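*Asks:* Below you'll find start-v9.txt; it's compact mmCIF, C-alpha atoms and all ligand atoms.
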```txt
# COMPACT_ATOMS: atom_id res chain seq x y z
CA MET X 1 157.21 101.71 179.22
CA THR X 2 155.51 98.44 178.34
CA ILE X 3 153.62 99.54 175.22
CA PRO X 4 156.63 101.29 173.63
CA GLN X 5 158.71 98.17 174.29
CA VAL X 6 156.10 95.87 172.73
CA ASN X 7 155.87 98.23 169.76
CA HIS X 8 159.65 98.26 169.45
CA LEU X 9 159.77 94.46 169.49
CA LEU X 10 157.04 94.28 166.87
CA GLU X 11 158.81 96.79 164.62
CA LEU X 12 162.08 94.83 164.83
CA LEU X 13 160.40 91.56 163.96
CA TYR X 14 158.26 93.07 161.21
CA ASP X 15 161.11 94.95 159.58
CA ARG X 16 163.20 91.80 159.34
CA GLY X 17 160.63 90.24 156.99
CA ASP X 18 161.15 86.51 156.68
CA GLY X 19 164.41 86.65 158.64
CA TYR X 20 164.88 85.36 162.20
CA PHE X 21 166.18 87.01 165.38
CA VAL X 22 168.13 85.24 168.10
CA SER X 23 167.05 86.27 171.61
CA ASP X 24 170.31 88.06 172.43
CA GLU X 25 169.88 90.37 169.46
CA LEU X 26 166.41 91.30 170.62
CA THR X 27 167.34 91.81 174.28
CA ALA X 28 170.25 94.05 173.23
CA ALA X 29 168.17 96.07 170.78
CA ILE X 30 165.33 96.69 173.23
CA GLY X 31 167.54 96.95 176.33
CA VAL X 32 165.81 94.25 178.41
CA ASP X 33 166.77 90.88 179.92
CA ARG X 34 165.48 87.52 178.67
CA THR X 35 162.68 87.26 181.24
CA ARG X 36 161.38 90.65 180.19
CA LEU X 37 161.70 89.69 176.53
CA GLU X 38 159.51 86.63 177.12
CA LYS X 39 156.95 88.88 178.83
CA LEU X 40 156.96 91.26 175.83
CA ILE X 41 156.50 88.30 173.48
CA GLU X 42 153.54 87.18 175.58
CA LEU X 43 152.02 90.67 175.34
CA LEU X 44 152.55 90.64 171.59
CA GLY X 45 150.57 87.40 171.56
CA HIS X 46 147.68 89.15 173.33
CA ARG X 47 147.72 91.63 170.44
CA GLY X 48 147.22 88.75 168.03
CA HIS X 49 150.82 88.27 166.86
CA ALA X 50 152.11 84.71 167.02
CA LEU X 51 155.83 83.95 166.83
CA GLU X 52 157.43 81.10 164.96
CA ARG X 53 160.34 79.60 166.96
CA ASN X 54 163.16 77.69 165.33
CA PRO X 55 165.74 76.14 167.71
CA ALA X 56 168.64 76.85 165.35
CA ARG X 57 167.63 80.20 163.92
CA GLY X 58 165.60 82.03 166.56
CA VAL X 59 162.21 83.70 166.29
CA ARG X 60 160.22 85.56 163.66
CA LEU X 61 156.64 86.75 163.17
CA ALA X 62 154.33 83.98 162.04
CA SER X 63 152.45 84.50 158.77
CA PRO X 64 149.92 85.80 157.95
CA ILE X 65 150.84 88.86 159.99
CA ARG X 66 147.83 90.28 161.79
CA LEU X 67 146.72 93.82 161.03
CA ASP X 68 148.22 96.16 163.61
CA ALA X 69 147.44 99.85 164.05
CA HIS X 70 150.97 100.70 165.19
CA LEU X 71 152.61 99.19 162.11
CA ILE X 72 150.18 101.03 159.86
CA GLU X 73 150.36 104.46 161.56
CA ARG X 74 154.13 104.47 162.04
CA GLU X 75 155.82 107.15 159.90
CA LEU X 76 152.84 107.13 157.55
CA GLY X 77 153.46 110.77 156.69
CA THR X 78 149.86 111.63 155.75
CA ARG X 79 148.13 114.96 156.37
CA ARG X 80 144.70 113.68 157.23
CA ILE X 81 144.00 110.03 156.45
CA GLY X 82 145.22 107.47 158.98
CA LYS X 83 146.18 109.71 161.87
CA HIS X 84 144.20 107.23 163.93
CA VAL X 85 143.87 103.62 162.89
CA ILE X 86 141.82 100.92 164.60
CA CYS X 87 141.87 97.25 163.73
CA PHE X 88 139.11 94.76 164.55
CA ASP X 89 139.06 91.01 164.32
CA GLU X 90 135.44 90.86 163.19
CA LEU X 91 132.64 93.37 162.75
CA ASP X 92 129.55 93.87 160.59
CA SER X 93 130.97 96.48 158.20
CA THR X 94 133.99 98.77 158.56
CA ASN X 95 131.91 101.53 156.91
CA ASP X 96 129.37 101.38 159.76
CA VAL X 97 132.01 101.46 162.48
CA ALA X 98 133.63 104.47 160.81
CA PHE X 99 130.26 106.28 160.75
CA ASP X 100 129.76 105.40 164.45
CA SER X 101 132.81 107.54 165.27
CA ALA X 102 131.63 110.54 163.28
CA ARG X 103 130.22 112.32 166.35
CA GLN X 104 133.74 113.05 167.56
CA ALA X 105 135.47 115.92 165.76
CA GLU X 106 138.89 114.31 166.24
CA ALA X 107 137.72 111.26 164.28
CA ASP X 108 138.33 113.04 160.96
CA GLY X 109 140.74 110.83 158.98
CA LEU X 110 140.07 107.77 161.14
CA VAL X 111 140.81 104.47 159.43
CA VAL X 112 138.92 101.34 160.45
CA LEU X 113 140.21 97.93 159.41
CA ALA X 114 138.90 94.44 160.00
CA GLU X 115 140.13 90.89 159.52
CA SER X 116 136.59 89.92 158.58
CA GLN X 117 133.11 91.40 158.10
CA ARG X 118 129.77 89.76 158.85
CA ARG X 119 127.84 92.14 156.59
CA GLY X 120 130.33 93.63 154.14
CA ARG X 121 128.53 95.74 151.53
CA GLY X 122 129.39 96.36 147.91
CA ARG X 123 127.94 98.90 145.49
CA MET X 124 124.36 98.62 144.22
CA GLY X 125 123.19 96.65 147.24
CA ARG X 126 125.57 93.75 146.66
CA LYS X 127 127.44 91.82 149.37
CA TRP X 128 131.22 92.07 149.68
CA LEU X 129 132.70 88.68 150.48
CA SER X 130 136.17 88.19 151.89
CA ARG X 131 137.97 85.23 153.48
CA PRO X 132 138.98 86.13 157.09
CA ARG X 133 142.58 87.35 157.67
CA SER X 134 143.39 87.27 153.97
CA ASN X 135 142.38 90.59 152.45
CA ILE X 136 142.02 94.30 153.10
CA LEU X 137 138.72 95.65 154.44
CA LEU X 138 139.22 99.32 155.11
CA SER X 139 137.14 102.45 155.70
CA ALA X 140 138.37 106.02 155.98
CA LEU X 141 136.15 108.61 157.63
CA LEU X 142 136.09 112.25 156.55
CA LEU X 143 134.11 114.90 158.42
CA ASP X 144 132.98 117.52 155.99
CA PRO X 145 130.93 120.24 157.72
CA GLY X 146 131.66 122.70 154.89
CA LYS X 147 130.41 120.20 152.26
CA ASN X 148 133.60 120.62 150.22
CA LEU X 149 134.17 116.99 149.38
CA SER X 150 132.18 115.73 146.41
CA GLN X 151 131.06 112.12 146.74
CA ASP X 152 131.78 111.51 143.05
CA ALA X 153 135.26 112.98 143.27
CA LEU X 154 136.02 110.84 146.35
CA THR X 155 134.72 107.78 144.54
CA ILE X 156 137.21 108.39 141.73
CA ALA X 157 139.94 109.14 144.28
CA GLY X 158 139.30 105.85 146.08
CA GLY X 159 139.77 103.81 142.92
CA LEU X 160 142.90 105.71 141.96
CA ALA X 161 144.43 105.34 145.43
CA VAL X 162 143.91 101.58 145.31
CA ALA X 163 145.30 101.31 141.77
CA GLU X 164 148.42 103.28 142.73
CA GLY X 165 148.76 101.50 146.07
CA ILE X 166 148.74 98.03 144.57
CA GLU X 167 151.10 99.05 141.76
CA ALA X 168 153.55 100.11 144.47
CA VAL X 169 153.77 96.47 145.59
CA GLY X 170 154.50 95.16 142.13
CA VAL X 171 151.39 94.63 140.00
CA HIS X 172 151.33 96.39 136.64
CA ASP X 173 148.76 97.99 134.38
CA VAL X 174 145.99 98.40 136.91
CA LYS X 175 142.84 99.60 135.17
CA LEU X 176 139.72 101.30 136.49
CA LYS X 177 136.23 100.51 135.31
CA TRP X 178 133.69 103.24 135.98
CA PRO X 179 133.37 104.34 138.60
CA ASN X 180 135.93 102.45 140.64
CA ASP X 181 136.20 98.73 140.02
CA VAL X 182 139.91 98.03 140.15
CA LEU X 183 140.86 95.54 137.46
CA LEU X 184 143.84 93.47 136.41
CA GLU X 185 143.01 92.86 132.77
CA THR X 186 139.33 91.92 133.13
CA ARG X 187 139.53 90.53 136.65
CA LYS X 188 138.34 92.58 139.61
CA VAL X 189 140.89 92.83 142.41
CA ALA X 190 139.30 95.61 144.49
CA GLY X 191 136.21 97.74 144.87
CA VAL X 192 135.33 101.05 146.51
CA LEU X 193 132.07 102.09 148.18
CA VAL X 194 131.74 105.75 149.18
CA GLU X 195 128.81 106.51 151.48
CA VAL X 196 127.55 109.81 152.91
CA ARG X 197 125.46 110.31 156.06
CA THR X 198 124.46 113.21 158.22
CA VAL X 199 125.65 112.69 161.77
CA GLU X 200 124.48 115.28 164.29
CA ARG X 201 123.87 117.75 161.46
CA ASN X 202 127.37 117.24 160.12
CA ARG X 203 128.21 115.68 156.79
CA ALA X 204 130.26 112.51 157.23
CA VAL X 205 131.76 110.64 154.27
CA VAL X 206 133.19 107.14 154.45
CA ILE X 207 135.41 105.72 151.73
CA GLY X 208 135.15 101.94 152.00
CA ILE X 209 137.77 99.86 150.23
CA GLY X 210 137.98 96.11 149.77
CA VAL X 211 141.12 94.62 148.20
CA ASN X 212 141.57 90.93 147.46
CA VAL X 213 145.11 90.23 148.63
CA GLY X 214 145.40 86.55 149.54
CA ALA X 215 142.01 85.26 148.38
CA HIS X 216 139.05 86.09 146.17
CA PRO X 217 135.51 84.73 146.24
CA HIS X 218 134.53 81.74 144.13
CA GLN X 219 133.41 82.61 140.62
CA GLU X 220 129.87 81.29 141.12
CA LEU X 221 129.33 83.80 143.95
CA LEU X 222 130.13 86.76 141.68
CA ASP X 223 128.71 88.32 138.53
CA SER X 224 132.12 89.11 137.04
CA PRO X 225 135.58 87.51 137.17
CA ALA X 226 137.77 88.27 140.20
CA THR X 227 141.36 87.78 141.27
CA ASP X 228 143.74 88.55 144.15
CA LEU X 229 147.24 89.99 144.44
CA VAL X 230 148.95 86.79 145.60
CA SER X 231 147.55 84.81 142.65
CA GLU X 232 148.64 87.52 140.24
CA LEU X 233 152.13 88.05 141.64
CA GLY X 234 152.86 84.43 142.58
CA HIS X 235 154.34 85.36 145.94
CA ASP X 236 153.26 86.47 149.39
CA VAL X 237 152.13 90.08 149.81
CA ARG X 238 152.25 91.98 153.09
CA ARG X 239 148.81 93.48 153.63
CA ILE X 240 150.19 96.19 155.90
CA GLU X 241 152.44 97.49 153.12
CA VAL X 242 149.53 97.63 150.68
CA ILE X 243 147.35 99.42 153.25
CA ARG X 244 150.05 102.02 153.92
CA LYS X 245 150.50 102.75 150.22
CA ILE X 246 146.76 103.06 149.66
CA LEU X 247 146.37 105.43 152.63
CA GLN X 248 149.25 107.60 151.42
CA ARG X 249 147.79 107.90 147.94
CA LEU X 250 144.26 108.44 149.25
CA ASP X 251 145.51 111.21 151.51
CA GLU X 252 147.10 112.94 148.54
CA TRP X 253 143.95 112.74 146.40
CA VAL X 254 141.69 113.87 149.24
CA TYR X 255 143.98 116.84 149.80
CA ARG X 256 143.75 117.81 146.13
CA ILE X 257 139.97 117.51 146.18
CA SER X 258 139.75 119.66 149.31
CA GLU X 259 141.91 122.26 147.52
CA GLY X 260 139.63 122.15 144.47
CA LYS X 261 142.40 120.70 142.26
CA LEU X 262 140.35 118.26 140.24
CA GLU X 263 142.05 118.30 136.84
CA GLU X 264 144.77 115.83 137.90
CA LEU X 265 142.11 113.52 139.27
CA ARG X 266 140.39 113.56 135.88
CA THR X 267 143.55 112.88 133.86
CA ALA X 268 144.80 110.18 136.24
CA TRP X 269 141.44 108.39 136.03
CA LEU X 270 141.30 108.67 132.22
CA ARG X 271 144.80 107.20 131.94
CA ARG X 272 143.57 104.09 133.70
CA CYS X 273 140.28 103.79 131.89
CA GLY X 274 140.65 101.38 129.01
CA MET X 275 137.37 102.46 127.39
CA LEU X 276 137.87 106.07 126.33
CA ASN X 277 136.19 106.76 122.96
CA GLU X 278 134.67 103.29 123.00
CA ARG X 279 131.02 102.47 122.68
CA ILE X 280 129.74 101.43 126.07
CA SER X 281 126.55 100.58 127.86
CA VAL X 282 125.90 102.12 131.28
CA ALA X 283 123.22 101.12 133.78
CA CYS X 284 121.73 103.89 135.85
CA GLY X 285 119.03 102.41 138.05
CA ASP X 286 116.61 100.69 135.66
CA VAL X 287 117.68 102.79 132.69
CA ARG X 288 120.38 101.73 130.26
CA HIS X 289 122.33 104.32 128.28
CA VAL X 290 124.38 103.40 125.23
CA GLY X 291 126.91 105.73 123.67
CA TRP X 292 130.53 106.77 123.22
CA LEU X 293 132.62 107.41 126.31
CA LEU X 294 133.88 110.99 125.84
CA ASP X 295 135.31 112.09 129.15
CA VAL X 296 134.95 112.07 132.92
CA SER X 297 134.21 114.98 135.21
CA PRO X 298 135.10 114.47 138.91
CA LEU X 299 132.05 116.55 139.90
CA GLU X 300 129.48 115.61 137.27
CA GLY X 301 130.36 112.05 136.35
CA LEU X 302 130.95 110.00 133.24
CA ILE X 303 130.30 111.91 130.02
CA LEU X 304 128.63 109.95 127.26
CA SER X 305 127.68 110.96 123.73
CA THR X 306 124.43 109.15 122.92
CA ASP X 307 123.21 108.05 119.49
CA ASP X 308 120.68 110.87 119.33
CA GLY X 309 123.50 113.39 119.64
CA ARG X 310 123.01 114.26 123.30
CA ARG X 311 125.80 114.60 125.82
CA ILE X 312 124.78 113.03 129.13
CA TYR X 313 126.43 112.96 132.56
CA LEU X 314 126.20 109.82 134.69
CA GLN X 315 126.98 110.16 138.39
CA ALA X 316 129.42 107.77 140.05
CA GLY X 317 127.08 106.93 142.92
CA SER X 318 124.31 105.58 140.71
CA SER X 319 125.83 104.26 137.48
CA ARG X 320 127.94 101.35 136.35
CA ILE X 321 129.35 100.18 133.03
CA LEU X 322 127.80 96.91 131.91
C1 LIG X 401 132.16 97.22 145.26
O1 LIG X 401 131.00 96.79 145.15
O2 LIG X 401 132.99 97.02 144.37
C2 LIG X 401 132.57 97.99 146.48
C3 LIG X 401 133.08 97.08 147.56
C4 LIG X 401 133.47 97.79 148.82
C5 LIG X 401 133.80 96.82 149.94
C6 LIG X 401 134.40 97.48 151.13
S1 LIG X 401 135.12 96.33 152.24
C7 LIG X 401 135.36 97.58 153.41
C8 LIG X 401 134.13 98.46 153.37
N1 LIG X 401 133.11 97.96 154.26
C9 LIG X 401 132.05 97.52 153.60
O3 LIG X 401 131.02 97.03 154.11
N2 LIG X 401 132.22 97.70 152.27
C10 LIG X 401 133.49 98.32 151.98
```
Would you encode the structure as structure tokens?
Ligand code: BTN
*Replies:*
Amino acid sequence: MTIPQVNHLLELLYDRGDGYFVSDELTAAIGVDRTRLEKLIELLGHRGHALERNPARGVRLASPIRLDAHLIERELGTRRIGKHVICFDELDSTNDVAFDSARQAEADGLVVLAESQRRGRGRMGRKWLSRPRSNILLSALLLDPGKNLSQDALTIAGGLAVAEGIEAVGVHDVKLKWPNDVLLETRKVAGVLVEVRTVERNRAVVIGIGVNVGAHPHQELLDSPATDLVSELGHDVRRIEVIRKILQRLDEWVYRISEGKLEELRTAWLRRCGMLNERISVACGDVRHVGWLLDVSPLEGLILSTDDGRRIYLQAGSSRIL
């Protein structure tokens, strides 16, 4: 009985947003007396949720609201992604923890979240920096014994899911820079790192997503400009809402990929790419390719027409636009 009651209390407080509750409203809604309510509030505290008490107005959840698996999983409505969610205060990398669960068949779709990472990784061997309790650090695990899920297609799907997820909370014109830097104008607000490992002879894929919500790293720590959602929108943003939207969109794209429906992925990505038919420079390891951006193929990569008339394909895992 205790956990459902704590969850119920948390839902009530969360759903009221900035508003307060007087104790009598809460005791009536949950069907407990005041002593029991205080006990439930104490248990909520053990889960990391502090309450703000105002003598005249009552209680409400203190900001920033801690990540909470129940609030994320509740009525999420996804087929695969986010059926199980776990939240950590601190870990090395959410991608690694997701891979650690890959031995268990029921871990397919697991989502790992953290308030902070000690060794967050970005693409191309870079670090991913994030101020604790401010941003989204998320990894989704997919078990793929049949090898149906292309890493490149999932990389594109990750960027699209983030772009659509953050638009759902009010930012506009989110662009994608190959393969999946998520940009607001020229400023990076999120990044995606898709990794593949073999775990007990099974293929495991982790889609790692970092979104700057309440903070972004200092310019001198980065090689390109960055931003965060709160700075762009000028008001507070609930991380849990952004996470839910991203998971819902990611679930949809992963479903389409698993069904072999890749054309929509291609057109959705092209709509968000500001560089179609432009002359671009792409780094692929130590090699630099210059040419006109013609198209994207979810399975084969970015399609470039080079000056010597060749058409080349650059895979998402190993290339980036300079
Ligand atoms: C990029 O370089 O743009 C990709 C950044 C990906 C960062 C995320 S944060 C959650 C997950 N865990 C990691 O260690 N990296 C990814």
*Asks:* Using all atoms listed in the file, find each residue with an atom at most 10 Å away from ligand LIG 401 (chain X) and format the answer as an MDAnalysis selection string.
*Replies:* chainID X and resid 91:98 112:114 116:130 135:140 159 179:182 188:195 206:212
*Asks:* Could you give me, as JSON, numbers by chain, the residues within 8 Å of Asp144 of chain X, counting only C-alpha atoms and dropping anything in the same chain fewer than 6 positions from it?
*Replies:* {"X": [202, 203, 204, 205]}
*Asks:* How many Å separate atom CA of Val6 of chain X from atom CA of Ile41 of chain X?
*Replies:*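 So the answer is 7.6 Å.
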*Asks:* Quote the spacing between atom CA of Leu250 of chain X and atom CA of Leu276 of chain X in Å to one decimal place.
*Replies:*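 Distance reported for this atom pair: 23.9 Å.
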*Asks:* Using all atoms listed in the file, determine which residues lie at most 9 Å from segment 313-317 of chain X, disregarding the query and same-chain residues fewer than 6 positions distant; provide the list as a PyMOL selection string.
*Replies:* chain X and resi 123-124+151-153+155-156+178-180+193-195+282+284+296-304
*Asks:* Name the closest residue to Glu106 of chain X among the candidates X:Leu37, X:Val59, X:Leu141, X:Val287; distances are taken between atoms, counting all atoms listed in the file.
*Replies:*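 For Glu106 of chain X, the nearest of the candidates is X:Leu141.
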*Asks:* Can you pull out every residue within 12 Å of Glu164 of chain X, counting all atoms listed in the file, but drop anything in the same chain fewer than 6 positions away, and send it as a ChimeraX atom specification?
*Replies:* /X:157-158,170-176,182,242-250,252-253,268-269,272
*Asks:* Next, write the just-selected residues to a file, as a compact mmCIF listing (two decimals), in the coordinates of the input, keeping C-alpha atoms as the atom set.
*Replies:*
```txt
# COMPACT_ATOMS: atom_id res chain seq x y z
CA ALA X 157 139.94 109.14 144.28
CA GLY X 158 139.30 105.85 146.08
CA GLY X 170 154.50 95.16 142.13
CA VAL X 171 151.39 94.63 140.00
CA HIS X 172 151.33 96.39 136.64
CA ASP X 173 148.76 97.99 134.38
CA VAL X 174 145.99 98.40 136.91
CA LYS X 175 142.84 99.60 135.17
CA LEU X 176 139.72 101.30 136.49
CA VAL X 182 139.91 98.03 140.15
CA VAL X 242 149.53 97.63 150.68
CA ILE X 243 147.35 99.42 153.25
CA ARG X 244 150.05 102.02 153.92
CA LYS X 245 150.50 102.75 150.22
CA ILE X 246 146.76 103.06 149.66
CA LEU X 247 146.37 105.43 152.63
CA GLN X 248 149.25 107.60 151.42
CA ARG X 249 147.79 107.90 147.94
CA LEU X 250 144.26 108.44 149.25
CA GLU X 252 147.10 112.94 148.54
CA TRP X 253 143.95 112.74 146.40
CA ALA X 268 144.80 110.18 136.24
CA TRP X 269 141.44 108.39 136.03
CA ARG X 272 143.57 104.09 133.70
```
*Asks:* Could you work out how far atom CA of Pro225 of chain X lies from atom CA of Thr186 of chain X, giving the answer in Å with one decimal?
*Replies:* 7.1 Å
*Asks:* Under the rule that all atoms listed in the file are counted, which of X:Leu265, X:Ile240, X:Leu149, X:Ala102 is the nearest residue to Pro64 of chain X?
*Replies:*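 Answer, going by the shortest atom-to-atom distance: X:Ile240.
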*Asks:* Which residue out of X:Leu71, X:Val254, X:Arg201, X:His8 has the minimum interatomic distance to Gly146 of chain X when only C-alpha atoms are used?
*Replies:* X:Arg201
*Asks:* Given the point (141.2, 111.2, 158.6) in the file's coordinates, find the residues that have an atom at most 7 Å from it, counting all atoms listed in the file, and give them as a list of chain:residue names.
*Replies:*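 Using all atoms listed in the file, the matching residues come out as X:Arg80, X:Ile81, X:Gly82, X:Lys83, X:Ala107, X:Asp108, X:Gly109, X:Leu110, X:Val111, X:Ala140, X:Leu141, X:Leu142.
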*Asks:* Excluding Asp307 of chain X and any residue of its chain fewer than 4 positions from it, enumerate the residues within 9 Å of it, using all atoms listed in the file, and give them as a ChimeraX atom specification.
*Replies:* /X:290-292
*Asks:* Hey, which of X:Ala215, X:Ile30, X:Leu44, X:Ala283 ends up closest to Ser231 of chain X? Count all atoms listed in the file.
*Replies:*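 Among the listed residues, X:Ala215 lies closest to Ser231 of chain X.
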*Asks:* Between X:Leu270, X:Ile65, X:Val32, X:Ala56, which has the minimum distance to Leu10 of chain X (counting all atoms listed in the file)?
*Replies:*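 Nearest to Leu10 of chain X: X:Ile65.
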